[in-house]
$ cat target-v5.csv   # CSV, C-alpha atoms and all ligand atoms
chain,number,residue,atom,x,y,z
A,9,MET,CA,-44.0,-97.7,162.7
A,10,LYS,CA,-46.0,-97.4,159.4
A,11,PRO,CA,-49.0,-99.6,159.1
A,12,ILE,CA,-48.5,-102.6,156.8
A,13,ASP,CA,-50.8,-102.9,153.8
A,14,PHE,CA,-52.1,-106.4,152.9
A,15,VAL,CA,-51.9,-105.3,149.2
A,16,ASP,CA,-49.9,-102.1,148.7
A,17,LEU,CA,-51.5,-100.3,145.7
A,18,LYS,CA,-50.4,-96.9,146.9
A,19,SER,CA,-46.7,-97.5,146.2
A,20,GLN,CA,-47.5,-98.8,142.7
A,21,TYR,CA,-49.7,-95.8,142.0
A,22,ALA,CA,-46.9,-93.5,143.2
A,23,ALA,CA,-44.5,-95.1,140.8
A,24,LEU,CA,-46.9,-95.0,137.8
A,25,ARG,CA,-48.8,-91.8,138.6
A,26,ASP,CA,-47.7,-89.9,135.4
A,27,THR,CA,-48.2,-92.8,133.0
A,28,ILE,CA,-51.6,-93.8,134.3
A,29,GLY,CA,-52.7,-90.2,134.6
A,30,ALA,CA,-51.7,-89.5,131.0
A,31,ARG,CA,-53.4,-92.7,129.8
A,32,MET,CA,-56.7,-91.8,131.6
A,33,GLN,CA,-56.5,-88.2,130.4
A,34,ALA,CA,-56.2,-89.3,126.8
A,35,VAL,CA,-59.5,-91.2,127.2
A,36,LEU,CA,-61.2,-88.2,128.7
A,37,ASP,CA,-60.0,-86.1,125.8
A,38,HIS,CA,-61.1,-88.4,123.0
A,39,GLY,CA,-64.3,-89.3,124.8
A,40,GLN,CA,-64.8,-92.9,123.4
A,41,TYR,CA,-65.6,-94.4,126.8
A,42,ILE,CA,-67.0,-97.6,125.4
A,43,MET,CA,-64.9,-99.7,122.9
A,44,GLY,CA,-62.4,-96.8,122.5
A,45,PRO,CA,-58.9,-97.3,120.9
A,46,GLU,CA,-57.4,-98.4,124.3
A,47,VAL,CA,-59.6,-101.5,124.2
A,48,GLY,CA,-58.1,-102.8,121.0
A,49,GLU,CA,-54.6,-101.7,122.0
A,50,LEU,CA,-54.8,-103.6,125.3
A,51,GLU,CA,-56.2,-106.7,123.5
A,52,SER,CA,-53.3,-106.6,121.0
A,53,ARG,CA,-50.7,-106.1,123.8
A,54,LEU,CA,-52.0,-109.0,125.8
A,55,ALA,CA,-52.3,-111.3,122.8
A,56,GLU,CA,-48.7,-110.5,121.9
A,57,LEU,CA,-47.4,-110.9,125.4
A,58,THR,CA,-49.0,-114.3,125.9
A,59,GLY,CA,-48.8,-115.7,122.4
A,60,ALA,CA,-52.5,-116.3,122.2
A,61,ARG,CA,-54.1,-115.5,118.8
A,62,HIS,CA,-57.0,-113.6,120.4
A,63,CYS,CA,-57.6,-111.5,123.5
A,64,ILE,CA,-61.1,-110.3,124.3
A,65,THR,CA,-61.4,-107.9,127.2
A,66,VAL,CA,-64.5,-108.2,129.3
A,67,ALA,CA,-66.2,-106.6,132.3
A,68,SER,CA,-64.6,-108.8,135.0
A,69,GLY,CA,-62.9,-112.1,135.6
A,70,THR,CA,-66.3,-113.6,136.4
A,71,GLU,CA,-67.6,-112.4,133.1
A,72,ALA,CA,-64.6,-113.9,131.3
A,73,LEU,CA,-65.4,-117.3,132.7
A,74,LEU,CA,-69.2,-117.0,132.0
A,75,ILE,CA,-68.7,-115.8,128.4
A,76,SER,CA,-66.2,-118.6,127.8
A,77,LEU,CA,-68.7,-121.3,129.0
A,78,MET,CA,-71.4,-119.6,126.9
A,79,ALA,CA,-69.2,-119.7,123.8
A,80,LEU,CA,-68.5,-123.4,124.5
A,81,ASP,CA,-72.3,-123.9,124.6
A,82,ILE,CA,-72.4,-125.3,128.1
A,83,GLN,CA,-76.0,-126.2,128.7
A,84,PRO,CA,-78.4,-127.3,131.4
A,85,GLY,CA,-77.7,-130.9,132.4
A,86,ASP,CA,-74.0,-130.6,131.4
A,87,GLU,CA,-71.2,-131.2,133.9
A,88,VAL,CA,-68.0,-129.2,134.2
A,89,ILE,CA,-65.1,-130.5,136.3
A,90,THR,CA,-63.4,-128.0,138.6
A,91,THR,CA,-61.8,-127.5,142.0
A,92,PRO,CA,-63.8,-126.7,145.1
A,93,PHE,CA,-60.9,-124.7,146.4
A,94,SER,CA,-61.2,-121.3,144.6
A,95,PHE,CA,-63.0,-118.0,144.6
A,96,ILE,CA,-66.7,-118.8,144.3
A,97,ALA,CA,-66.9,-117.3,140.7
A,98,THR,CA,-65.3,-120.5,139.3
A,99,ALA,CA,-68.3,-122.6,140.3
A,100,GLU,CA,-70.9,-119.8,140.0
A,101,VAL,CA,-70.6,-119.4,136.3
A,102,ILE,CA,-71.1,-123.2,135.7
A,103,VAL,CA,-74.3,-123.0,137.7
A,104,LEU,CA,-75.4,-119.8,135.9
A,105,CYS,CA,-75.2,-121.9,132.6
A,106,GLY,CA,-77.5,-124.4,134.2
A,107,ALA,CA,-74.7,-126.9,134.4
A,108,ARG,CA,-73.4,-128.8,137.4
A,109,PRO,CA,-69.9,-128.3,138.8
A,110,VAL,CA,-68.2,-131.7,139.6
A,111,PHE,CA,-65.6,-131.1,142.2
A,112,VAL,CA,-62.2,-132.8,142.1
A,113,ASP,CA,-60.1,-132.5,145.3
A,114,ILE,CA,-56.8,-130.6,145.5
A,115,GLU,CA,-53.1,-131.4,146.2
A,116,ALA,CA,-52.3,-130.5,149.8
A,117,ASP,CA,-49.0,-129.0,149.0
A,118,THR,CA,-50.1,-126.5,146.2
A,119,CYS,CA,-53.9,-126.3,146.8
A,120,ASN,CA,-54.3,-126.8,143.0
A,121,ILE,CA,-56.6,-129.4,141.5
A,122,ASP,CA,-55.2,-132.9,141.6
A,123,ALA,CA,-54.8,-133.6,137.9
A,124,GLY,CA,-54.5,-137.4,138.5
A,125,ALA,CA,-58.0,-137.5,140.0
A,126,ILE,CA,-59.8,-135.8,137.1
A,127,GLU,CA,-60.2,-138.8,134.7
A,128,ALA,CA,-62.2,-140.8,137.2
A,129,LYS,CA,-64.8,-138.0,137.4
A,130,ILE,CA,-65.3,-137.8,133.6
A,131,GLY,CA,-68.7,-139.1,132.6
A,132,PRO,CA,-71.2,-139.0,129.7
A,133,ARG,CA,-72.3,-135.5,130.7
A,134,THR,CA,-68.9,-133.9,131.1
A,135,ARG,CA,-68.4,-131.0,128.7
A,136,ALA,CA,-65.3,-129.2,130.0
A,137,ILE,CA,-62.5,-129.1,132.6
A,138,MET,CA,-61.9,-125.8,134.5
A,139,PRO,CA,-58.7,-125.8,136.5
A,140,VAL,CA,-57.7,-122.7,138.5
A,141,ALA,CA,-54.1,-121.4,138.9
A,142,LEU,CA,-54.6,-120.9,142.6
A,143,TYR,CA,-52.6,-118.1,144.3
A,144,GLY,CA,-50.8,-117.5,141.1
A,145,GLN,CA,-49.3,-120.9,140.3
A,146,PRO,CA,-50.6,-122.8,137.2
A,147,ALA,CA,-52.0,-126.3,137.8
A,148,ASP,CA,-50.6,-129.4,136.1
A,149,MET,CA,-51.9,-128.1,132.7
A,150,ASP,CA,-50.1,-130.6,130.4
A,151,GLU,CA,-51.5,-133.5,132.3
A,152,ILE,CA,-55.0,-131.9,132.4
A,153,ASN,CA,-54.8,-131.1,128.6
A,154,ALA,CA,-53.8,-134.7,127.9
A,155,VAL,CA,-56.8,-136.1,129.9
A,156,ALA,CA,-59.1,-133.6,128.2
A,157,ALA,CA,-57.7,-134.5,124.7
A,158,ARG,CA,-58.4,-138.2,125.4
A,159,HIS,CA,-62.0,-137.4,126.0
A,160,GLY,CA,-62.4,-134.6,123.5
A,161,LEU,CA,-63.1,-131.9,126.1
A,162,PRO,CA,-62.1,-128.2,126.1
A,163,VAL,CA,-60.0,-126.9,129.0
A,164,ILE,CA,-60.7,-123.4,130.5
A,165,GLU,CA,-58.0,-122.1,132.7
A,166,ASP,CA,-59.2,-119.8,135.5
A,167,ALA,CA,-56.0,-117.6,135.4
A,168,ALA,CA,-57.6,-114.8,137.4
A,169,GLN,CA,-54.7,-115.0,140.0
A,170,SER,CA,-51.9,-116.0,137.7
A,171,PHE,CA,-51.5,-113.5,134.8
A,172,GLY,CA,-47.7,-113.3,134.2
A,173,ALA,CA,-46.9,-116.8,135.5
A,174,ARG,CA,-45.1,-119.1,133.2
A,175,TYR,CA,-45.6,-122.8,132.9
A,176,ARG,CA,-42.8,-124.7,131.0
A,177,ASP,CA,-42.0,-121.3,129.4
A,178,ARG,CA,-45.6,-120.6,128.2
A,179,TRP,CA,-47.9,-117.9,129.7
A,180,SER,CA,-50.6,-118.8,132.1
A,181,GLY,CA,-53.9,-118.0,130.3
A,182,ASN,CA,-52.5,-119.4,127.0
A,183,LEU,CA,-52.0,-123.0,128.2
A,184,SER,CA,-55.3,-124.6,127.0
A,185,THR,CA,-58.4,-124.0,124.9
A,186,VAL,CA,-59.3,-120.9,126.7
A,187,GLY,CA,-57.7,-118.8,129.5
A,188,CYS,CA,-59.6,-116.2,131.7
A,189,THR,CA,-58.0,-113.5,133.8
A,190,SER,CA,-59.2,-110.7,136.0
A,191,PHE,CA,-58.0,-107.1,136.4
A,192,PHE,CA,-59.6,-106.7,139.9
A,193,PRO,CA,-57.4,-104.1,141.6
A,194,SER,CA,-55.6,-106.5,143.9
A,195,LYS,CA,-54.8,-109.2,141.2
A,196,PRO,CA,-51.2,-109.3,139.9
A,197,LEU,CA,-52.3,-107.2,136.9
A,198,GLY,CA,-55.1,-104.9,138.1
A,199,CYS,CA,-57.1,-101.9,137.0
A,200,TYR,CA,-58.9,-99.3,139.1
A,201,GLY,CA,-62.3,-101.0,139.0
A,202,ASP,CA,-63.6,-104.2,137.4
A,203,GLY,CA,-62.1,-105.8,134.3
A,204,GLY,CA,-61.0,-109.1,132.8
A,205,ALA,CA,-59.8,-110.8,129.6
A,206,ILE,CA,-60.2,-114.0,127.7
A,207,LEU,CA,-57.3,-115.5,125.8
A,208,THR,CA,-57.8,-118.2,123.1
A,209,SER,CA,-56.3,-119.2,119.8
A,210,ASP,CA,-59.5,-120.7,118.5
A,211,ASP,CA,-61.0,-118.3,115.8
A,212,ASN,CA,-64.5,-119.5,116.1
A,213,LEU,CA,-64.6,-119.3,119.9
A,214,ALA,CA,-63.1,-115.8,119.8
A,215,GLN,CA,-65.8,-114.7,117.3
A,216,ALA,CA,-68.5,-116.1,119.6
A,217,MET,CA,-67.0,-114.5,122.6
A,218,ARG,CA,-66.8,-111.1,120.9
A,219,GLU,CA,-70.5,-111.4,120.1
A,220,ILE,CA,-71.6,-112.7,123.5
A,221,ARG,CA,-69.7,-109.7,125.1
A,222,VAL,CA,-72.2,-107.4,123.4
A,223,HIS,CA,-75.5,-109.1,123.8
A,224,GLY,CA,-74.9,-111.7,121.2
A,225,GLN,CA,-74.8,-109.1,118.5
A,226,SER,CA,-73.2,-110.0,115.2
A,227,ARG,CA,-74.1,-106.7,113.5
A,228,ARG,CA,-75.7,-103.7,115.1
A,229,TYR,CA,-79.1,-104.7,116.5
A,230,VAL,CA,-78.8,-108.2,114.9
A,231,HIS,CA,-78.7,-110.7,117.8
A,232,THR,CA,-77.6,-114.1,116.5
A,233,ARG,CA,-77.2,-115.6,120.0
A,234,VAL,CA,-78.0,-114.8,123.6
A,235,GLY,CA,-75.3,-112.7,125.2
A,236,VAL,CA,-74.5,-110.4,128.1
A,237,GLY,CA,-73.5,-106.7,128.7
A,238,GLY,CA,-69.9,-107.7,129.3
A,239,ARG,CA,-67.5,-105.1,127.9
A,240,MET,CA,-64.5,-103.7,129.7
A,241,ASP,CA,-64.6,-99.9,129.6
A,242,THR,CA,-62.0,-97.8,127.9
A,243,LEU,CA,-60.8,-96.1,131.0
A,244,GLN,CA,-60.0,-99.4,132.7
A,245,CYS,CA,-58.2,-100.6,129.7
A,246,ALA,CA,-56.1,-97.4,129.8
A,247,VAL,CA,-55.2,-98.1,133.5
A,248,VAL,CA,-54.0,-101.6,132.6
A,249,LEU,CA,-52.0,-100.3,129.7
A,250,GLY,CA,-50.3,-97.8,132.1
A,251,LYS,CA,-49.6,-100.7,134.6
A,252,LEU,CA,-48.0,-102.8,131.9
A,253,GLU,CA,-45.1,-100.4,131.9
A,254,ARG,CA,-43.5,-102.0,134.9
A,255,PHE,CA,-45.4,-105.3,134.9
A,256,GLU,CA,-42.4,-107.5,134.2
A,257,TRP,CA,-40.5,-105.8,137.0
A,258,GLU,CA,-43.4,-106.4,139.3
A,259,ILE,CA,-43.6,-110.0,138.5
A,260,GLY,CA,-39.9,-110.4,139.2
A,261,GLN,CA,-40.4,-108.6,142.5
A,262,ARG,CA,-43.3,-110.7,143.5
A,263,ILE,CA,-41.2,-113.9,142.8
A,264,ASP,CA,-38.3,-112.4,144.8
A,265,VAL,CA,-40.5,-111.4,147.7
A,266,ALA,CA,-42.0,-114.9,147.8
A,267,ALA,CA,-38.6,-116.5,147.6
A,268,ARG,CA,-37.6,-114.4,150.7
A,269,TYR,CA,-40.7,-115.5,152.5
A,270,ASP,CA,-40.0,-119.2,151.5
A,271,GLU,CA,-36.5,-118.9,152.9
A,272,LEU,CA,-37.4,-117.1,156.1
A,273,LEU,CA,-40.3,-119.4,156.8
A,274,ALA,CA,-38.7,-122.7,155.8
A,275,ASP,CA,-38.5,-123.9,159.4
A,276,MET,CA,-41.6,-122.8,161.1
A,277,PRO,CA,-42.6,-124.2,164.6
A,278,ALA,CA,-45.9,-126.0,165.4
A,279,ASP,CA,-46.4,-127.9,162.2
A,280,ALA,CA,-46.8,-124.7,160.1
A,281,THR,CA,-45.6,-125.0,156.5
A,282,ILE,CA,-45.1,-123.0,153.4
A,283,LEU,CA,-46.8,-124.2,150.2
A,284,ALA,CA,-44.9,-125.9,147.4
A,285,ASN,CA,-43.8,-124.4,144.1
A,286,ARG,CA,-43.3,-126.8,141.2
A,287,PRO,CA,-39.9,-126.3,139.5
A,288,ASP,CA,-41.4,-126.2,136.0
A,289,ARG,CA,-43.5,-123.1,136.5
A,290,THR,CA,-43.4,-119.7,138.2
A,291,ASN,CA,-45.9,-118.4,140.7
A,292,VAL,CA,-46.9,-114.7,140.5
A,293,ARG,CA,-48.3,-114.9,144.1
A,294,ALA,CA,-51.6,-113.2,143.9
A,295,GLN,CA,-51.5,-114.4,147.5
A,296,TYR,CA,-48.6,-115.6,149.5
A,297,THR,CA,-50.2,-118.3,151.5
A,298,VAL,CA,-49.0,-120.6,154.4
A,299,SER,CA,-50.6,-123.5,156.2
A,300,VAL,CA,-50.9,-123.0,160.0
A,301,PRO,CA,-52.6,-124.8,162.9
A,302,GLN,CA,-55.0,-122.9,165.1
A,303,ARG,CA,-55.5,-120.3,162.4
A,304,ASP,CA,-57.8,-118.0,164.4
A,305,LYS,CA,-55.3,-117.7,167.2
A,306,VAL,CA,-52.4,-117.0,164.8
A,307,GLN,CA,-54.4,-114.4,162.9
A,308,ALA,CA,-55.4,-112.6,166.1
A,309,ALA,CA,-51.8,-112.6,167.3
A,310,LEU,CA,-50.7,-111.1,163.9
A,311,LYS,CA,-53.4,-108.6,164.0
A,312,SER,CA,-52.4,-107.3,167.4
A,313,ALA,CA,-48.8,-107.0,166.0
A,314,GLY,CA,-50.2,-104.8,163.2
A,315,VAL,CA,-49.9,-107.5,160.5
A,316,PRO,CA,-52.9,-107.9,158.3
A,317,THR,CA,-53.8,-111.4,157.0
A,318,ALA,CA,-56.6,-113.0,155.0
A,319,VAL,CA,-58.0,-116.4,154.3
A,320,HIS,CA,-58.3,-117.7,150.7
A,321,TYR,CA,-60.7,-119.5,151.2
A,322,PRO,CA,-62.3,-120.4,154.5
A,323,VAL,CA,-65.2,-122.5,153.1
A,324,PRO,CA,-64.6,-124.8,150.0
A,325,MET,CA,-67.4,-124.7,147.5
A,326,HIS,CA,-68.9,-128.1,148.2
A,327,ARG,CA,-69.6,-126.7,151.7
A,328,GLN,CA,-71.2,-123.5,150.5
A,329,PRO,CA,-75.0,-123.2,151.3
A,330,ALA,CA,-75.9,-122.6,147.6
A,331,TYR,CA,-73.6,-125.3,146.2
A,332,GLY,CA,-73.5,-128.0,148.9
A,333,ASN,CA,-76.1,-130.2,147.3
A,334,LEU,CA,-73.9,-130.7,144.2
A,335,CYS,CA,-71.6,-133.2,145.8
A,336,CYS,CA,-71.4,-135.6,148.7
A,337,PRO,CA,-70.2,-133.6,151.8
A,338,GLU,CA,-67.1,-135.9,152.1
A,339,CYS,CA,-66.0,-135.6,148.5
A,340,CYS,CA,-63.0,-133.4,149.0
A,341,PRO,CA,-61.2,-134.1,152.3
A,342,VAL,CA,-58.0,-132.3,151.3
A,343,SER,CA,-59.9,-129.1,150.5
A,344,ASP,CA,-61.7,-129.4,153.9
A,345,ALA,CA,-58.4,-129.7,155.7
A,346,MET,CA,-56.6,-126.9,153.8
A,347,ALA,CA,-59.6,-124.5,154.2
A,348,ALA,CA,-59.0,-124.7,157.9
A,349,ARG,CA,-55.3,-124.0,157.7
A,350,VAL,CA,-54.5,-121.6,154.9
A,351,MET,CA,-53.6,-118.0,155.7
A,352,SER,CA,-52.3,-115.3,153.3
A,353,LEU,CA,-49.6,-112.8,154.3
A,354,PRO,CA,-49.0,-109.3,153.0
A,355,MET,CA,-47.7,-109.5,149.4
A,356,SER,CA,-46.9,-106.7,146.9
A,357,ALA,CA,-44.2,-106.0,144.4
A,358,ASP,CA,-43.2,-103.1,146.6
A,359,LEU,CA,-43.0,-105.0,149.9
A,360,ASP,CA,-39.6,-104.0,151.4
A,361,THR,CA,-37.3,-106.3,153.4
A,362,ALA,CA,-37.8,-104.6,156.7
A,363,THR,CA,-41.6,-104.8,156.5
A,364,GLN,CA,-41.3,-108.4,155.4
A,365,GLU,CA,-39.1,-109.2,158.4
A,366,ARG,CA,-41.7,-107.7,160.7
A,367,VAL,CA,-44.3,-110.0,159.2
A,368,VAL,CA,-42.1,-113.0,159.6
A,369,ASN,CA,-41.1,-112.2,163.1
A,370,ALA,CA,-44.7,-111.7,164.2
A,371,LEU,CA,-45.7,-115.0,162.6
A,372,MET,CA,-42.8,-116.9,164.2
A,373,SER,CA,-43.6,-115.6,167.6
A,374,ALA,CA,-47.3,-116.3,167.2
A,375,LEU,CA,-46.5,-119.9,166.3
A,376,ARG,CA,-44.1,-120.3,169.2
A,377,THR,CA,-46.7,-119.3,171.8
A,378,LEU,CA,-49.4,-121.7,170.5
B,1,LIG,C1,-60.8,-112.9,141.3
B,1,LIG,C2,-61.2,-114.2,140.8
B,1,LIG,C3,-62.2,-114.4,139.9
B,1,LIG,C4,-63.2,-113.3,139.6
B,1,LIG,O1,-62.6,-112.2,139.1
B,1,LIG,P1,-63.5,-110.8,139.1
B,1,LIG,O2,-62.8,-109.9,138.2
B,1,LIG,O3,-63.5,-110.4,140.6
B,1,LIG,O4,-64.9,-111.1,138.7
B,1,LIG,C5,-62.4,-115.7,139.4
B,1,LIG,N1,-61.7,-116.7,139.8
B,1,LIG,C6,-60.6,-116.6,140.7
B,1,LIG,C7,-59.8,-117.7,141.0
B,1,LIG,C8,-60.4,-115.3,141.2
B,1,LIG,O5,-59.4,-115.2,142.1
$ encode --input "target-v5.csv" --output "structure tokens"
Amino acid sequence: MKPIDFVDLKSQYAALRDTIGARMQAVLDHGQYIMGPEVGELESRLAELTGARHCITVASGTEALLISLMALDIQPGDEVITTPFSFIATAEVIVLCGARPVFVDIEADTCNIDAGAIEAKIGPRTRAIMPVALYGQPADMDEINAVAARHGLPVIEDAAQSFGARYRDRWSGNLSTVGCTSFFPSKPLGCYGDGGAILTSDDNLAQAMREIRVHGQSRRYVHTRVGVGGRMDTLQCAVVLGKLERFEWEIGQRIDVAARYDELLADMPADATILANRPDRTNVRAQYTVSVPQRDKVQAALKSAGVPTAVHYPVPMHRQPAYGNLCCPECCPVSDAMAARVMSLPMSADLDTATQERVVNALMSALRTL
């Protein structure tokens, strides 16, 4: 039997080989490796797709978040409200600005930030709210935007896992003041290295972000603010442009594959459950994640059946050595509980039914023997 890939980038490349190859060759031929024409082309395409007025491509998803906070002038002593249940970059960029992440616990059924618990954490130092669209499903963005509006705060959506998802018919990334995404290869829309993008309809913020991306430069060698070296290179933009060719199809596939998992796993033994999908939004499934008891045993059983799994994420941020002093250890009990239970299964647009059934059968028999 052929080995199962956790993320199958090979089938995607096989399908797009000519398109991506031609796109990359064009860059090698014109030789504008930095800020070449593909950079602007990708920015226009993504702005048009999402409906945001501006798209600023950057070196990574992490850089997108950092540049956004810098453009919003987040300073030492400020507080930014976020979830502890995410990839570490979400909290890392807040600390890099000298600010303090204030963690709000998650909903157990989606693992997204509990929007109803945000307002109680807003204080005199709060400067922004940063929800994450975890696993590819947007958080309760309208509720979050409403809380933010009551307190005059900007909202930065970490949409690194959710590019392509729709929330009440709007695109994730264009649901709030600023949206940030990542083109890390395994994300729903990836490149072949590092890359990311910021989406916003605020003209002043967009201008600041464009300057911060190139060392705070407003004109050549005139540095009006402190910035970073944060550009996305032309070759990586060319790869994303190539991948956009079948992106809508891939999103549809990911949703269908997930729906098949949901159906096959609706009735798992041993208190294992699928996660919830809210009816007013789509989930592009950067990860297909389930909640299981005795996760180490389940993972080991799947591994011996040839099924790769991963954990997103085993240690919530308020428990991380470098971040643990930011919050009381008991601040986020739901995150603690879910961190012990979540397990992600193979997920790709090209995952075929037979392979998916192998995964499901292996999981079911692992759970039955617990
Ligand atoms: C991947 C990811 C990031 C960081 O993106 P990079 O491109 O790897 O820097 C940030 N936040 C979340 C939720 C992510 O999944």
$ closest_residue --input "target-v5.csv" --among "A:Val292, A:Val306, A:Gly181, A:Val112" --to "Cys336 in chain A" --atoms "all atoms listed in the file"
A:Val112
$ closest_residue --input "target-v5.csv" --among "A:Pro84, A:Pro92, A:Gly204, A:Gly59" --to "ligand LIG 1 (chain B)" --atoms "only C-alpha atoms and all ligand atoms"
A:Gly204
$ residues_near_ligand --input "target-v5.csv" --ligand "ligand LIG 1 (chain B)" --cutoff "10 Å" --atoms "all atoms listed in the file" --output "MDAnalysis selection string"
chainID A and resid 66:74 93:101 139:144 165:170 188:195 198:199 201:205 294:295 320
$ atom_distance --input "target-v5.csv" --atom1 "CA of Leu183 in chain A" --atom2 "CA of Asp148 in chain A"
10.3 Å
$ closest_residue --input "target-v5.csv" --among "A:Leu77, A:Val236, A:Ala266, A:Leu54" --to "Phe171 in chain A" --atoms "all atoms listed in the file"
A:Leu54
$ atom_distance --input "target-v5.csv" --atom1 "CA of Glu51 in chain A" --atom2 "CA of Ile64 in chain A"
6.1 Å
$ residues_around --input "target-v5.csv" --residues "range 18-25 of chain A" --least-positions-apart "4" --cutoff "12 Å" --atoms "all atoms listed in the file" --output "JSON, numbers by chain"
{"A": [12, 13, 14, 29, 30, 31, 32, 33, 193, 194, 196, 197, 198, 199, 200, 247, 248, 249, 250, 251, 252, 253, 254, 255, 257, 258, 356, 357, 358, 359, 360]}
$ residues_around --input "target-v5.csv" --residues "Pro341 in chain A" --least-positions-apart "6" --cutoff "10 Å" --atoms "only C-alpha atoms" --output "list in words"
Asp113, Ile114, Ala116 and Ala347 of chain A
$ residues_around --input "target-v5.csv" --residues "range 210-214 of chain A" --least-positions-apart "6" --cutoff "8 Å" --atoms "all atoms listed in the file" --output "MDAnalysis selection string"
chainID A and resid 61:64 79:80 185
$ closest_atom_pairs --input "target-v5.csv" --of "range 306-347 of chain A" --to "range 367-371 of chain A" --cutoff "7 Å" --atoms "all atoms listed in the file" --output "JSON lines"
{"residue": "A:Leu310", "atom": "CA", "partner": "A:Ala370", "partner_atom": "CA", "distance": 6.0}
{"residue": "A:Ala313", "atom": "CA", "partner": "A:Ala370", "partner_atom": "CA", "distance": 6.5}
{"residue": "A:Val315", "atom": "CA", "partner": "A:Val367", "partner_atom": "CA", "distance": 6.3}
$ atom_distance --input "target-v5.csv" --atom1 "CA of Ser209 in chain A" --atom2 "CA of Arg178 in chain A"
13.7 Å
$ closest_residue --input "target-v5.csv" --among "A:Ile263, A:Leu243, A:Ile121, A:Ala173" --to "Arg289 in chain A" --atoms "all atoms listed in the file"
A:Ala173
$ closest_residue --input "target-v5.csv" --among "A:Ala348, A:Met372, A:Ala107, A:Ile28" --to "Asp275 in chain A" --atoms "all atoms listed in the file"
A:Met372
$ closest_residue --input "target-v5.csv" --among "A:Thr134, A:Gln145, A:Thr297, A:Asn333" --to "Val88 in chain A" --atoms "all atoms listed in the file"
A:Thr134
$ residues_around --input "target-v5.csv" --residues "Ala308 in chain A" --least-positions-apart "3" --cutoff "12 Å" --atoms "only C-alpha atoms" --output "list in words"
Gln302, Arg303, Asp304, Lys305, Lys311, Ser312, Ala313, Gly314, Val315, Pro316, Thr317, Ala318, Met351, Ala370, Leu371, Ala374, Leu375 and Leu378 of chain A
$ write_last_selection --input "target-v5.csv" --atoms "C-alpha atoms" --output "mmCIF file, keeping the file's coordinate frame"
data_model
loop_
_atom_site.group_PDB
_atom_site.id
_atom_site.type_symbol
_atom_site.label_atom_id
_atom_site.label_comp_id
_atom_site.auth_asym_id
_atom_site.auth_seq_id
_atom_site.Cartn_x
_atom_site.Cartn_y
_atom_site.Cartn_z
ATOM 1 C CA GLN A 302 -55.000 -122.900 165.100
ATOM 2 C CA ARG A 303 -55.500 -120.300 162.400
ATOM 3 C CA ASP A 304 -57.800 -118.000 164.400
ATOM 4 C CA LYS A 305 -55.300 -117.700 167.200
ATOM 5 C CA LYS A 311 -53.400 -108.600 164.000
ATOM 6 C CA SER A 312 -52.400 -107.300 167.400
ATOM 7 C CA ALA A 313 -48.800 -107.000 166.000
ATOM 8 C CA GLY A 314 -50.200 -104.800 163.200
ATOM 9 C CA VAL A 315 -49.900 -107.500 160.500
ATOM 10 C CA PRO A 316 -52.900 -107.900 158.300
ATOM 11 C CA THR A 317 -53.800 -111.400 157.000
ATOM 12 C CA ALA A 318 -56.600 -113.000 155.000
ATOM 13 C CA MET A 351 -53.600 -118.000 155.700
ATOM 14 C CA ALA A 370 -44.700 -111.700 164.200
ATOM 15 C CA LEU A 371 -45.700 -115.000 162.600
ATOM 16 C CA ALA A 374 -47.300 -116.300 167.200
ATOM 17 C CA LEU A 375 -46.500 -119.900 166.300
ATOM 18 C CA LEU A 378 -49.400 -121.700 170.500
#
$ residues_near_point --input "target-v5.csv" --point "(-39.0, -120.5, 125.8)" --cutoff "12 Å" --atoms "only C-alpha atoms" --output "PyMOL selection string"
chain A and resi 58-59+174-179+288-289
$ residues_around --input "target-v5.csv" --residues "Ile220 in chain A" --least-positions-apart "6" --cutoff "8 Å" --atoms "all atoms listed in the file" --output "list of chain:residue names"
A:Ile75, A:Met78, A:Ala79, A:Arg233, A:Val234, A:Gly235, A:Val236, A:Gly238
